[in-house]
file work_11.csv (CSV, C-alpha atoms)
chain,number,residue,atom,x,y,z
A,1,MET,CA,0.0,0.0,0.0
A,2,PHE,CA,2.9,2.3,0.7
A,3,LYS,CA,4.1,1.8,-2.9
A,4,THR,CA,0.7,2.8,-4.1
A,5,PHE,CA,0.9,6.0,-2.1
A,6,ILE,CA,4.3,6.8,-3.5
A,7,VAL,CA,3.0,6.2,-7.0
A,8,GLY,CA,0.2,8.6,-6.2
A,9,VAL,CA,2.7,11.2,-5.0
A,10,VAL,CA,4.6,10.9,-8.2
A,11,LEU,CA,1.4,11.2,-10.2
A,12,GLY,CA,0.3,14.3,-8.2
A,13,LEU,CA,3.7,15.9,-8.7
A,14,ALA,CA,3.6,15.2,-12.4
A,15,ALA,CA,0.1,16.5,-12.8
A,16,ALA,CA,0.7,19.7,-10.8
A,17,GLY,CA,4.0,20.3,-12.6
A,18,GLY,CA,2.4,19.7,-16.0
A,19,ALA,CA,-0.5,22.0,-15.2
A,20,ALA,CA,1.9,24.7,-14.1
A,21,PHE,CA,3.9,24.3,-17.3
A,22,VAL,CA,1.0,24.3,-19.7
A,23,LEU,CA,-1.9,26.2,-18.2
A,24,PRO,CA,-2.0,30.0,-18.6
A,25,VAL,CA,-2.4,32.1,-15.4
A,26,THR,CA,-5.5,33.6,-16.8
A,27,ASP,CA,-8.1,33.0,-19.5
A,28,LEU,CA,-8.8,36.3,-21.3
A,29,HIS,CA,-12.2,36.8,-22.8
A,30,ARG,CA,-11.9,38.0,-26.3
A,31,GLU,CA,-14.7,39.5,-28.3
A,32,SER,CA,-14.8,38.9,-32.0
A,33,SER,CA,-12.9,41.5,-34.0
A,34,LEU,CA,-15.3,43.5,-36.2
A,35,VAL,CA,-12.8,44.5,-38.8
A,36,SER,CA,-13.6,45.7,-42.3
A,37,VAL,CA,-11.1,45.0,-45.0
A,38,GLN,CA,-10.6,48.0,-47.3
A,39,PRO,CA,-10.1,47.8,-51.1
A,40,ASN,CA,-6.4,48.7,-50.6
A,41,GLY,CA,-5.9,45.7,-48.3
A,42,GLY,CA,-6.0,47.8,-45.1
A,43,ASN,CA,-8.2,47.3,-42.1
A,44,SER,CA,-10.8,49.6,-40.7
A,45,GLU,CA,-12.5,49.3,-37.3
A,46,LEU,CA,-15.1,51.5,-35.7
A,47,PHE,CA,-15.3,52.0,-31.9
A,48,HIS,CA,-17.9,53.8,-29.9
A,49,ILE,CA,-17.8,55.5,-26.5
A,50,ARG,CA,-21.2,56.4,-25.0
A,51,ILE,CA,-21.2,59.7,-23.1
A,52,PRO,CA,-21.6,59.9,-20.2
A,53,ASP,CA,-22.1,56.1,-19.4
A,54,ASP,CA,-18.6,54.9,-20.6
A,55,ARG,CA,-16.6,57.7,-19.0
A,56,ILE,CA,-14.7,56.1,-16.1
A,57,ILE,CA,-12.5,59.1,-15.2
A,58,GLY,CA,-12.9,62.7,-16.3
A,59,GLY,CA,-10.6,65.2,-14.6
A,60,GLY,CA,-8.7,68.4,-15.0
A,61,LYS,CA,-8.3,71.7,-13.3
A,62,ASP,CA,-11.0,73.4,-15.3
A,63,VAL,CA,-13.4,70.5,-15.3
A,64,LEU,CA,-16.3,71.6,-13.2
A,65,THR,CA,-18.0,68.2,-12.8
A,66,PRO,CA,-15.3,65.6,-12.6
A,67,THR,CA,-16.1,61.9,-13.1
A,68,PRO,CA,-16.6,60.4,-10.6
A,69,GLY,CA,-17.7,63.3,-8.3
A,70,SER,CA,-15.2,62.1,-5.7
A,71,LEU,CA,-12.2,62.5,-8.0
A,72,GLN,CA,-9.4,64.7,-6.5
A,73,TRP,CA,-7.5,66.3,-9.3
A,74,PRO,CA,-3.9,67.0,-8.2
A,75,VAL,CA,-3.0,70.7,-7.6
A,76,SER,CA,0.1,71.4,-9.6
A,77,ALA,CA,0.9,74.2,-12.0
A,78,GLY,CA,2.3,71.7,-14.5
A,79,LEU,CA,-1.0,69.9,-14.7
A,80,ASP,CA,-3.3,72.9,-15.0
A,81,ALA,CA,-3.5,72.8,-18.8
A,82,LEU,CA,-4.2,69.1,-18.9
A,83,GLN,CA,-7.4,67.2,-19.1
A,84,LEU,CA,-7.6,63.4,-18.7
A,85,GLU,CA,-10.4,61.1,-19.6
A,86,LEU,CA,-10.7,57.3,-19.4
A,87,PHE,CA,-13.4,55.4,-21.2
A,88,LYS,CA,-14.7,52.0,-21.8
A,89,LEU,CA,-14.4,51.2,-25.5
A,90,ARG,CA,-17.1,49.5,-27.5
A,91,ASN,CA,-17.1,47.8,-30.9
A,92,ARG,CA,-19.6,48.7,-33.5
A,93,ASP,CA,-22.1,46.2,-32.0
A,94,GLY,CA,-21.9,48.1,-28.7
A,95,VAL,CA,-20.0,45.4,-26.7
A,96,VAL,CA,-17.2,46.6,-24.4
A,97,VAL,CA,-13.9,45.4,-25.9
A,98,GLY,CA,-11.3,47.6,-24.3
A,99,LEU,CA,-10.3,50.8,-22.6
A,100,ALA,CA,-9.2,54.2,-23.9
A,101,SER,CA,-7.3,57.1,-22.4
A,102,ARG,CA,-7.6,60.6,-23.9
A,103,ILE,CA,-5.2,63.4,-22.8
A,104,ALA,CA,-5.9,66.9,-24.0
A,105,VAL,CA,-3.6,69.8,-23.4
A,106,SER,CA,-4.6,73.4,-24.1
A,107,VAL,CA,-2.2,76.2,-23.5
A,108,PRO,CA,-3.2,79.8,-24.6
A,109,GLY,CA,-1.2,80.8,-27.6
A,110,SER,CA,-0.1,77.4,-28.6
A,111,PRO,CA,-1.7,74.8,-30.9
A,112,GLY,CA,-2.5,72.4,-28.0
A,113,ALA,CA,-2.2,68.6,-28.1
A,114,LEU,CA,-4.5,65.6,-28.0
A,115,GLU,CA,-3.6,61.9,-27.6
A,116,TRP,CA,-5.5,58.7,-27.6
A,117,VAL,CA,-4.4,55.3,-26.3
A,118,LEU,CA,-6.7,52.4,-27.1
A,119,HIS,CA,-6.0,49.3,-25.0
A,120,ILE,CA,-7.7,46.1,-26.1
A,121,PRO,CA,-6.7,43.2,-23.9
A,122,ALA,CA,-5.8,40.0,-25.8
A,123,ARG,CA,-5.2,42.0,-28.9
A,124,GLY,CA,-2.9,45.0,-28.2
A,125,THR,CA,-2.7,48.7,-27.8
A,126,LEU,CA,-2.7,51.7,-30.2
A,127,TYR,CA,-1.2,55.1,-29.6
A,128,PHE,CA,-2.5,58.1,-31.6
A,129,PRO,CA,-1.3,61.7,-31.1
A,130,MET,CA,-3.6,63.9,-33.1
A,131,SER,CA,-4.4,67.4,-34.0
A,132,ALA,CA,-6.3,69.3,-31.2
A,133,ASN,CA,-8.2,71.2,-33.8
A,134,THR,CA,-11.4,70.0,-35.3
A,135,ALA,CA,-11.5,70.0,-39.1
A,136,GLU,CA,-14.4,71.7,-41.0
A,137,ASP,CA,-16.1,68.3,-41.4
A,138,GLY,CA,-16.3,67.9,-37.6
A,139,TYR,CA,-13.5,65.3,-37.4
A,140,ARG,CA,-10.2,65.3,-35.6
A,141,ARG,CA,-7.5,63.2,-37.2
A,142,GLY,CA,-4.2,61.6,-36.0
A,143,LEU,CA,-1.6,59.1,-37.1
A,144,LEU,CA,-0.9,55.8,-35.5
A,145,ARG,CA,2.5,56.5,-33.9
A,146,ALA,CA,2.9,53.0,-32.3
A,147,GLY,CA,1.1,49.8,-31.7
A,148,THR,CA,1.7,46.6,-29.7
A,149,GLY,CA,0.4,43.0,-30.0
A,150,GLU,CA,-1.5,42.5,-33.2
A,151,PHE,CA,-1.3,46.2,-33.9
A,152,GLY,CA,2.5,46.2,-34.0
A,153,GLN,CA,4.4,46.9,-37.3
A,154,ARG,CA,1.5,48.8,-38.8
A,155,THR,CA,0.9,52.3,-40.1
A,156,GLY,CA,-2.5,53.9,-39.8
A,157,SER,CA,-4.7,56.7,-38.6
A,158,LEU,CA,-7.6,57.5,-36.2
A,159,ARG,CA,-10.6,59.8,-36.8
A,160,GLU,CA,-12.5,61.2,-33.8
A,161,HIS,CA,-16.0,62.5,-34.1
A,162,TYR,CA,-18.6,63.4,-31.5
A,163,VAL,CA,-22.2,62.6,-32.2
A,164,GLU,CA,-24.8,64.5,-30.2
A,165,GLY,CA,-27.4,62.4,-28.5
A,166,ALA,CA,-31.1,62.9,-28.0
A,167,SER,CA,-30.8,64.8,-24.8
A,168,ASP,CA,-28.4,67.5,-23.6
A,169,GLY,CA,-25.0,66.1,-22.5
A,170,GLU,CA,-25.6,62.7,-24.0
A,171,GLY,CA,-24.0,61.4,-27.2
A,172,GLN,CA,-21.2,59.2,-28.3
A,173,ILE,CA,-17.6,59.5,-29.5
A,174,GLU,CA,-16.9,57.6,-32.7
A,175,LEU,CA,-13.4,56.5,-33.3
A,176,GLN,CA,-12.6,55.1,-36.7
A,177,SER,CA,-9.2,53.4,-36.9
A,178,SER,CA,-7.6,52.5,-40.1
A,179,SER,CA,-4.3,50.5,-40.5
A,180,LEU,CA,-2.3,49.2,-43.3
A,181,GLY,CA,0.5,46.6,-43.7
A,182,GLN,CA,4.0,47.0,-42.3
A,183,LEU,CA,5.1,50.1,-40.5
A,184,ALA,CA,7.3,52.1,-42.8
A,185,PRO,CA,10.5,53.3,-41.0
A,186,GLU,CA,9.8,56.9,-41.9
A,187,ALA,CA,6.3,56.7,-40.4
A,188,GLU,CA,7.6,56.2,-36.9
A,189,GLY,CA,7.8,59.5,-35.1
A,190,SER,CA,6.6,61.4,-38.0
B,1,MET,CA,-10.5,0.1,-1.7
B,2,LYS,CA,-7.6,0.9,0.6
B,3,TYR,CA,-5.2,1.0,-2.4
B,4,LEU,CA,-7.5,3.5,-4.1
B,5,VAL,CA,-7.5,5.6,-0.9
B,6,ALA,CA,-3.7,5.4,-0.8
B,7,LEU,CA,-3.4,6.4,-4.4
B,8,LEU,CA,-5.7,9.4,-4.0
B,9,SER,CA,-4.0,10.4,-0.8
B,10,GLY,CA,-0.7,10.2,-2.7
B,11,ILE,CA,-1.9,12.3,-5.6
B,12,VAL,CA,-3.2,15.0,-3.1
B,13,ALA,CA,0.1,14.9,-1.2
B,14,GLY,CA,2.1,15.1,-4.5
B,15,ALA,CA,0.0,18.1,-5.7
B,16,VAL,CA,0.6,19.9,-2.3
B,17,LEU,CA,4.3,19.1,-2.5
B,18,ALA,CA,4.4,20.5,-6.1
B,19,ALA,CA,2.7,23.6,-5.0
B,20,ALA,CA,5.2,24.0,-2.1
B,21,ILE,CA,8.1,23.5,-4.5
B,22,LEU,CA,6.7,26.0,-7.0
B,23,TYR,CA,6.1,28.6,-4.2
B,24,ASN,CA,9.7,28.2,-3.0
B,25,ASN,CA,11.1,27.6,-6.5
B,26,PRO,CA,14.9,27.8,-6.0
B,27,LEU,CA,15.5,28.2,-9.7
B,28,ALA,CA,13.4,31.4,-9.9
B,29,THR,CA,15.4,34.3,-8.7
B,30,PRO,CA,14.2,37.9,-8.6
B,31,VAL,CA,15.9,40.6,-10.6
B,32,ALA,CA,17.7,42.6,-7.8
B,33,VAL,CA,19.5,45.1,-10.0
B,34,SER,CA,17.9,47.1,-12.8
B,35,PRO,CA,19.3,46.1,-16.2
B,36,LEU,CA,19.7,49.9,-16.9
B,37,ALA,CA,21.8,50.4,-13.7
B,38,VAL,CA,25.1,50.1,-15.6
B,39,SER,CA,24.1,52.4,-18.4
B,40,GLN,CA,26.2,55.5,-18.9
B,41,SER,CA,23.4,57.3,-20.8
B,42,SER,CA,21.2,59.9,-19.2
B,43,MET,CA,18.1,58.6,-17.5
B,44,LEU,CA,14.6,60.0,-17.1
B,45,GLU,CA,13.5,59.0,-13.6
B,46,LEU,CA,9.8,59.2,-12.8
B,47,GLY,CA,8.5,58.2,-9.4
B,48,PHE,CA,5.1,57.7,-7.9
B,49,SER,CA,3.4,56.1,-4.9
B,50,ALA,CA,1.4,53.0,-5.5
B,51,ALA,CA,-0.6,53.5,-2.2
B,52,THR,CA,-4.2,53.5,-3.5
B,53,THR,CA,-5.2,56.7,-1.8
B,54,ASN,CA,-2.1,58.5,-3.2
B,55,THR,CA,-3.1,57.8,-6.8
B,56,ILE,CA,-5.6,59.8,-8.8
B,57,ALA,CA,-7.4,56.5,-9.6
B,58,THR,CA,-6.8,52.8,-9.1
B,59,ILE,CA,-9.5,50.8,-10.9
B,60,GLY,CA,-10.1,47.0,-11.0
B,61,ASN,CA,-13.0,44.7,-11.8
B,62,GLY,CA,-14.8,45.1,-8.4
B,63,ASP,CA,-14.4,41.4,-7.5
B,64,ALA,CA,-11.1,41.9,-5.7
B,65,ARG,CA,-10.9,42.4,-2.0
B,66,ILE,CA,-9.2,45.7,-2.6
B,67,SER,CA,-11.8,48.2,-3.9
B,68,SER,CA,-11.3,50.7,-6.6
B,69,HIS,CA,-10.4,54.3,-5.9
B,70,PRO,CA,-11.8,57.0,-5.9
B,71,ALA,CA,-15.3,56.1,-4.5
B,72,ARG,CA,-18.0,55.4,-7.0
B,73,VAL,CA,-15.6,55.0,-9.9
B,74,ALA,CA,-17.0,52.6,-12.5
B,75,ASP,CA,-15.5,49.1,-12.1
B,76,LEU,CA,-14.1,47.1,-15.0
B,77,TRP,CA,-16.6,44.3,-14.8
B,78,GLU,CA,-17.2,43.6,-18.5
B,79,PRO,CA,-15.7,40.2,-19.5
B,80,ALA,CA,-13.2,41.7,-22.0
B,81,ILE,CA,-11.7,44.1,-19.5
B,82,SER,CA,-12.2,42.2,-16.2
B,83,ASP,CA,-8.5,41.0,-16.1
B,84,THR,CA,-7.3,44.6,-16.6
B,85,ARG,CA,-6.3,47.2,-13.9
B,86,ILE,CA,-5.9,50.9,-14.5
B,87,LEU,CA,-3.6,53.1,-12.5
B,88,VAL,CA,-3.7,56.9,-12.9
B,89,THR,CA,-1.1,58.8,-11.0
B,90,THR,CA,0.9,62.0,-10.9
B,91,LEU,CA,4.5,61.3,-11.8
B,92,GLN,CA,7.4,63.1,-10.0
B,93,ASN,CA,10.8,63.8,-11.4
B,94,GLY,CA,14.0,63.0,-9.7
B,95,ARG,CA,13.7,66.1,-7.4
B,96,GLY,CA,10.3,65.0,-6.2
B,97,GLN,CA,8.4,67.7,-8.2
B,98,PRO,CA,5.3,66.9,-10.2
B,99,ALA,CA,6.5,66.3,-13.8
B,100,GLY,CA,3.3,65.0,-15.4
B,101,ILE,CA,0.6,62.4,-15.4
B,102,GLY,CA,0.6,58.7,-16.2
B,103,VAL,CA,-2.0,56.1,-17.1
B,104,LYS,CA,-1.0,52.5,-16.7
B,105,PHE,CA,-3.1,49.7,-18.3
B,106,LEU,CA,-2.1,46.3,-16.8
B,107,SER,CA,-3.7,43.2,-18.3
B,108,MET,CA,-2.8,39.6,-17.2
B,109,ALA,CA,-1.1,37.7,-20.0
B,110,GLU,CA,-2.6,34.5,-21.4
B,111,GLU,CA,0.6,32.6,-21.0
B,112,PRO,CA,1.8,29.8,-18.7
B,113,GLY,CA,4.6,30.7,-16.3
B,114,LEU,CA,4.2,29.3,-12.8
B,115,LEU,CA,6.8,26.5,-13.4
B,116,GLN,CA,9.4,29.2,-14.3
B,117,GLY,CA,8.3,31.5,-11.4
B,118,ARG,CA,6.4,33.9,-13.6
B,119,ILE,CA,3.0,35.5,-13.4
B,120,PRO,CA,3.1,37.3,-16.7
B,121,ALA,CA,1.3,40.5,-17.5
B,122,ASN,CA,1.3,43.0,-20.3
B,123,SER,CA,1.3,46.7,-19.5
B,124,ASN,CA,1.2,50.0,-21.3
B,125,TRP,CA,1.9,53.5,-20.0
B,126,HIS,CA,0.4,56.6,-21.5
B,127,ILE,CA,2.4,59.4,-20.1
B,128,TRP,CA,2.2,63.2,-20.5
B,129,LEU,CA,5.1,65.3,-19.2
B,130,SER,CA,4.3,68.9,-18.7
B,131,GLN,CA,5.6,71.2,-21.4
B,132,ARG,CA,7.5,68.3,-23.0
B,133,GLY,CA,5.2,65.8,-24.6
B,134,GLY,CA,3.8,62.3,-24.5
B,135,LEU,CA,5.3,58.9,-24.1
B,136,PHE,CA,3.9,55.5,-24.9
B,137,ILE,CA,5.6,52.5,-23.2
B,138,GLU,CA,5.2,48.8,-23.7
B,139,GLN,CA,6.2,46.3,-21.0
B,140,GLU,CA,6.0,42.7,-20.1
B,141,GLU,CA,6.0,42.3,-16.4
B,142,ASN,CA,6.5,39.4,-14.0
B,143,LEU,CA,4.4,39.8,-10.9
B,144,TRP,CA,5.4,36.5,-9.2
B,145,PHE,CA,8.0,37.9,-6.9
B,146,LEU,CA,5.9,40.8,-5.7
B,147,LEU,CA,3.1,38.3,-5.0
B,148,ARG,CA,5.4,35.8,-3.2
B,149,GLU,CA,7.4,38.3,-1.2
B,150,VAL,CA,4.8,41.0,-0.3
B,151,VAL,CA,1.2,40.1,-1.2
B,152,ALA,CA,1.0,36.5,-0.1
B,153,PRO,CA,2.7,37.2,3.3
B,154,ALA,CA,0.1,39.9,3.9
B,155,TYR,CA,-2.7,37.5,3.3
B,156,LEU,CA,-1.1,34.9,5.5
B,157,ASP,CA,-0.5,37.3,8.3
B,158,SER,CA,-3.0,37.2,11.2
B,159,ALA,CA,-3.4,41.0,10.9
B,160,ASP,CA,-3.5,40.9,7.1
B,161,VAL,CA,-0.5,43.2,6.9
B,162,TRP,CA,3.0,42.8,5.5
B,163,ARG,CA,5.7,45.1,6.7
B,164,GLY,CA,9.4,45.0,5.7
B,165,SER,CA,11.6,46.2,3.0
B,166,TRP,CA,11.6,44.7,-0.5
B,167,PHE,CA,13.0,45.9,-3.7
B,168,GLY,CA,12.1,44.3,-7.0
B,169,VAL,CA,12.0,44.9,-10.7
B,170,THR,CA,8.7,43.9,-12.3
B,171,THR,CA,9.7,44.6,-15.9
B,172,SER,CA,10.7,41.4,-17.8
B,173,GLY,CA,10.5,42.4,-21.4
B,174,PRO,CA,10.1,42.6,-24.4
B,175,GLY,CA,13.7,43.9,-24.6
B,176,ALA,CA,16.4,41.3,-24.7
B,177,LEU,CA,17.8,42.4,-21.4
B,178,GLY,CA,14.5,42.3,-19.7
B,179,THR,CA,13.7,45.9,-20.3
B,180,GLY,CA,10.4,47.5,-21.5
B,181,LYS,CA,10.3,49.8,-24.6
B,182,VAL,CA,9.4,53.3,-25.3
B,183,VAL,CA,7.7,52.7,-28.6
B,184,GLY,CA,6.2,56.1,-29.3
B,185,GLY,CA,6.2,59.7,-28.3
B,186,SER,CA,5.0,63.2,-29.1
B,187,GLY,CA,6.2,66.7,-28.7
B,188,GLU,CA,9.8,66.7,-27.5
B,189,PHE,CA,9.7,62.9,-27.5
B,190,SER,CA,8.5,62.6,-31.0
B,191,GLY,CA,10.3,59.8,-32.8
B,192,ILE,CA,12.3,58.6,-29.8
B,193,GLU,CA,13.1,55.1,-28.9
B,194,GLY,CA,14.2,53.9,-25.5
B,195,GLU,CA,14.3,51.3,-22.8
B,196,VAL,CA,12.3,51.2,-19.6
B,197,VAL,CA,12.5,49.5,-16.2
B,198,GLU,CA,9.8,49.7,-13.6
B,199,SER,CA,10.8,48.9,-10.0
B,200,ILE,CA,9.2,48.8,-6.6
B,201,ILE,CA,10.4,49.6,-3.1
B,202,ALA,CA,7.7,48.1,-0.8
B,203,LYS,CA,7.5,48.7,2.9
B,204,ALA,CA,3.9,47.9,3.8
B,205,TYR,CA,1.1,46.1,2.2
B,206,SER,CA,-2.4,45.4,3.5
B,207,ALA,CA,-4.5,42.5,2.3
B,208,ASP,CA,-7.6,44.8,2.8
B,209,SER,CA,-6.5,48.0,1.2
B,210,GLY,CA,-3.5,47.1,-1.0
B,211,PRO,CA,-0.2,49.0,-1.1
B,212,VAL,CA,0.2,51.1,2.0
B,213,ALA,CA,3.8,52.2,1.6
B,214,MET,CA,5.1,51.3,-1.8
B,215,ASP,CA,7.1,53.6,-4.0
B,216,MET,CA,7.4,52.8,-7.7
B,217,ARG,CA,9.9,54.1,-10.2
B,218,LEU,CA,10.0,54.2,-13.9
B,219,SER,CA,13.6,54.5,-15.2
B,220,ILE,CA,13.6,55.5,-18.9
B,221,LEU,CA,16.7,55.4,-20.9
B,222,ILE,CA,16.3,57.6,-24.0
B,223,ASP,CA,18.7,57.6,-26.9
B,224,ASP,CA,21.0,60.4,-26.0
B,225,GLN,CA,21.0,61.7,-29.6
B,226,GLN,CA,17.2,62.3,-29.4
B,227,SER,CA,16.3,63.9,-26.1
B,228,ALA,CA,17.8,65.5,-23.1
B,229,ALA,CA,17.7,64.5,-19.5
B,230,PRO,CA,14.8,65.7,-17.3

call {"tool": "encode", "arguments": {"input": "work_11.csv", "output": "structure tokens"}}
result
Amino acid sequence: MFKTFIVGVVLGLAAAGGAAFVLPVTDLHRESSLVSVQPNGGNSELFHIRIPDDRIIGGGKDVLTPTPGSLQWPVSAGLDALQLELFKLRNRDGVVVGLASRIAVSVPGSPGALEWVLHIPARGTLYFPMSANTAEDGYRRGLLRAGTGEFGQRTGSLREHYVEGASDGEGQIELQSSSLGQLAPEAEGS
Amino acid sequence: MKYLVALLSGIVAGAVLAAAILYNNPLATPVAVSPLAVSQSSMLELGFSAATTNTIATIGNGDARISSHPARVADLWEPAISDTRILVTTLQNGRGQPAGIGVKFLSMAEEPGLLQGRIPANSNWHIWLSQRGGLFIEQEENLWFLLREVVAPAYLDSADVWRGSWFGVTTSGPGALGTGKVVGGSGEFSGIEGEVVESIIAKAYSADSGPVAMDMRLSILIDDQQSAAP
């Protein structure tokens, strides 16, 4: 019977060791990618952010009603010109697929700056600096500066557009990302 | 019947023994020195406190024992983002002055690693440094040693608190030397490339409220030909 016990110990060691070697520490949930293939071979993907429901954090010195109301924005001269928002990111079917951060900087007398980071777990992350100015057609545009995961080695762009909702203060941000092929060396940092 | 009981008892004992060996894995050793420590190039040092109440926001999925901060912030409960945590913090320069703001997205990685002493995670930093520009950082992290040396002892303590002094480097890639990468930037940092190491000095951790006294540091090595020191 002792030999049987020892055999069990060996089996238990092997099973636990095998599980530790093979099994991932987490099992990420992945929504289907709703990607449109463009005639030029590139990909296009539309994301939505419902305002105000999907705003997780909204803060800045000049933000009168921060999100959540208990948010304490740091008092620092260097951060006065900065506005930060964090959002849940939805695919075109309205399912939450990731998170987004939006940093806007406005300094009187300078062009200002705006940046988006779209973080989609199990897929990767996209970084888009863009123009702080809205074009005549109501869109802001920026270039894909860097991507990770499946978005690595790509060149592309992002288009931001705010769509007014039925009632005051409600609406949605539409983000249309487009990417194409391998990242050209001159595109990085352009 | 008694042989079956002996076999099952042996399997349970073997599994427990394997767990004990993995927990005390002698082949897994923490990185005690930053891979960038020997660099002669100028370094951008950014520090922040990981104590939840010292951050602007620390947000999880709401299932964890440690609640999100600030109060009434929306939890990340949706399936696609429930394994992700967000940290929003003021970043201080080497002189302890506020230098900018940082947003960290940390998602657990879908990879095995326990046998090698790894709890892998992927993280990205979105940083804005006042009057300088933006930085986008990609990291692979190993949270195993933080868990083993700080978090688990807090949970095992009768008062649910760990106190001590522990230094560790969490960055484990994707760079060949175990460094993270600056993969993008804007403003003054437009077009830069660089390496990053994130390290922790932990002094107190509570199983109920998370980090109590825990200083974090981002050491960013930027190509000298592209940007100046802080």

call {"tool": "closest_atom_pairs", "arguments": {"input": "work_11.csv", "of": "chain B", "to": "chain A", "cutoff": "6 Å", "atoms": "only C-alpha atoms", "output": "tab-separated table"}}
result
residue	atom	partner	partner_atom	distance
B:Tyr3	CA	A:Met1	CA	5.8
B:Ala6	CA	A:Phe5	CA	4.8
B:Leu7	CA	A:Gly8	CA	4.6
B:Gly10	CA	A:Gly8	CA	4.0
B:Ile11	CA	A:Gly12	CA	3.9
B:Ala13	CA	A:Val9	CA	5.9
B:Gly14	CA	A:Val9	CA	4.0
B:Ala15	CA	A:Gly12	CA	4.6
B:Ala18	CA	A:Leu13	CA	5.3
B:Pro70	CA	A:Leu71	CA	5.9
B:Val73	CA	A:Pro68	CA	5.5
B:Ala74	CA	A:Ile56	CA	5.5
B:Pro79	CA	A:His29	CA	5.9
B:Ala80	CA	A:His29	CA	5.1
B:Ile81	CA	A:Gly98	CA	6.0
B:Glu110	CA	A:Pro24	CA	5.3
B:Glu111	CA	A:Pro24	CA	4.4
B:Pro112	CA	A:Pro24	CA	3.8
B:Leu114	CA	A:Ala20	CA	5.3
B:Leu115	CA	A:Ala20	CA	5.3
B:Ser130	CA	A:Gly78	CA	5.4
B:Gly184	CA	A:Ala146	CA	5.4
B:Ser190	CA	A:Gly189	CA	5.2
B:Gly191	CA	A:Gly189	CA	3.4

call {"tool": "axis_aligned_box", "arguments": {"input": "work_11.csv", "around": "segment 189-204 of chain B", "padding_each_side": "6 Å", "output": "JSON"}}
result
{"center_x": 9.1, "center_y": 55.4, "center_z": -14.5, "size_x": 22.4, "size_y": 27.0, "size_z": 48.6}

call {"tool": "closest_residue", "arguments": {"input": "work_11.csv", "among": "B:Glu141, B:Asp208, B:Glu45, B:Asp83", "to": "Ser172 of chain B", "atoms": "all atoms listed in the file"}}
result
B:Glu141

call {"tool": "residues_around", "arguments": {"input": "work_11.csv", "residues": "Ile127 of chain B", "least_positions_apart": "5", "cutoff": "10 Å", "atoms": "only C-alpha atoms", "output": "list of chain:residue names"}}
result
A:Ile103, A:Glu115, B:Val88, B:Thr89, B:Thr90, B:Leu91, B:Gly100, B:Ile101, B:Gly102, B:Val103, B:Lys104, B:Gly133, B:Gly134, B:Leu135, B:Phe136, B:Ile137, B:Gly185

call {"tool": "closest_residue", "arguments": {"input": "work_11.csv", "among": "B:Ala99, B:Ala109, B:Val169, B:Ile66", "to": "Thr29 of chain B", "atoms": "only C-alpha atoms"}}
result
B:Val169

call {"tool": "residues_around", "arguments": {"input": "work_11.csv", "residues": "Tyr23 of chain B", "least_positions_apart": "3", "cutoff": "8 Å", "atoms": "only C-alpha atoms", "output": "VMD selection string"}}
result
chain B and resid 19 to 20 148

call {"tool": "atom_distance", "arguments": {"input": "work_11.csv", "atom1": "atom CA of Asn124 of chain B", "atom2": "atom CA of Arg141 of chain A"}}
result
22.4 Å

call {"tool": "residues_around", "arguments": {"input": "work_11.csv", "residues": "Trp162 of chain B", "least_positions_apart": "6", "cutoff": "12 Å", "atoms": "only C-alpha atoms", "output": "list in words"}}
result
Leu146, Leu147, Arg148, Glu149, Val150, Val151, Ala152, Pro153, Ala154, Tyr155, Leu156, Ala202, Lys203, Ala204, Tyr205, Ser206, Ala207, Asp208, Ser209, Gly210, Pro211, Val212, Ala213 and Met214 of chain B
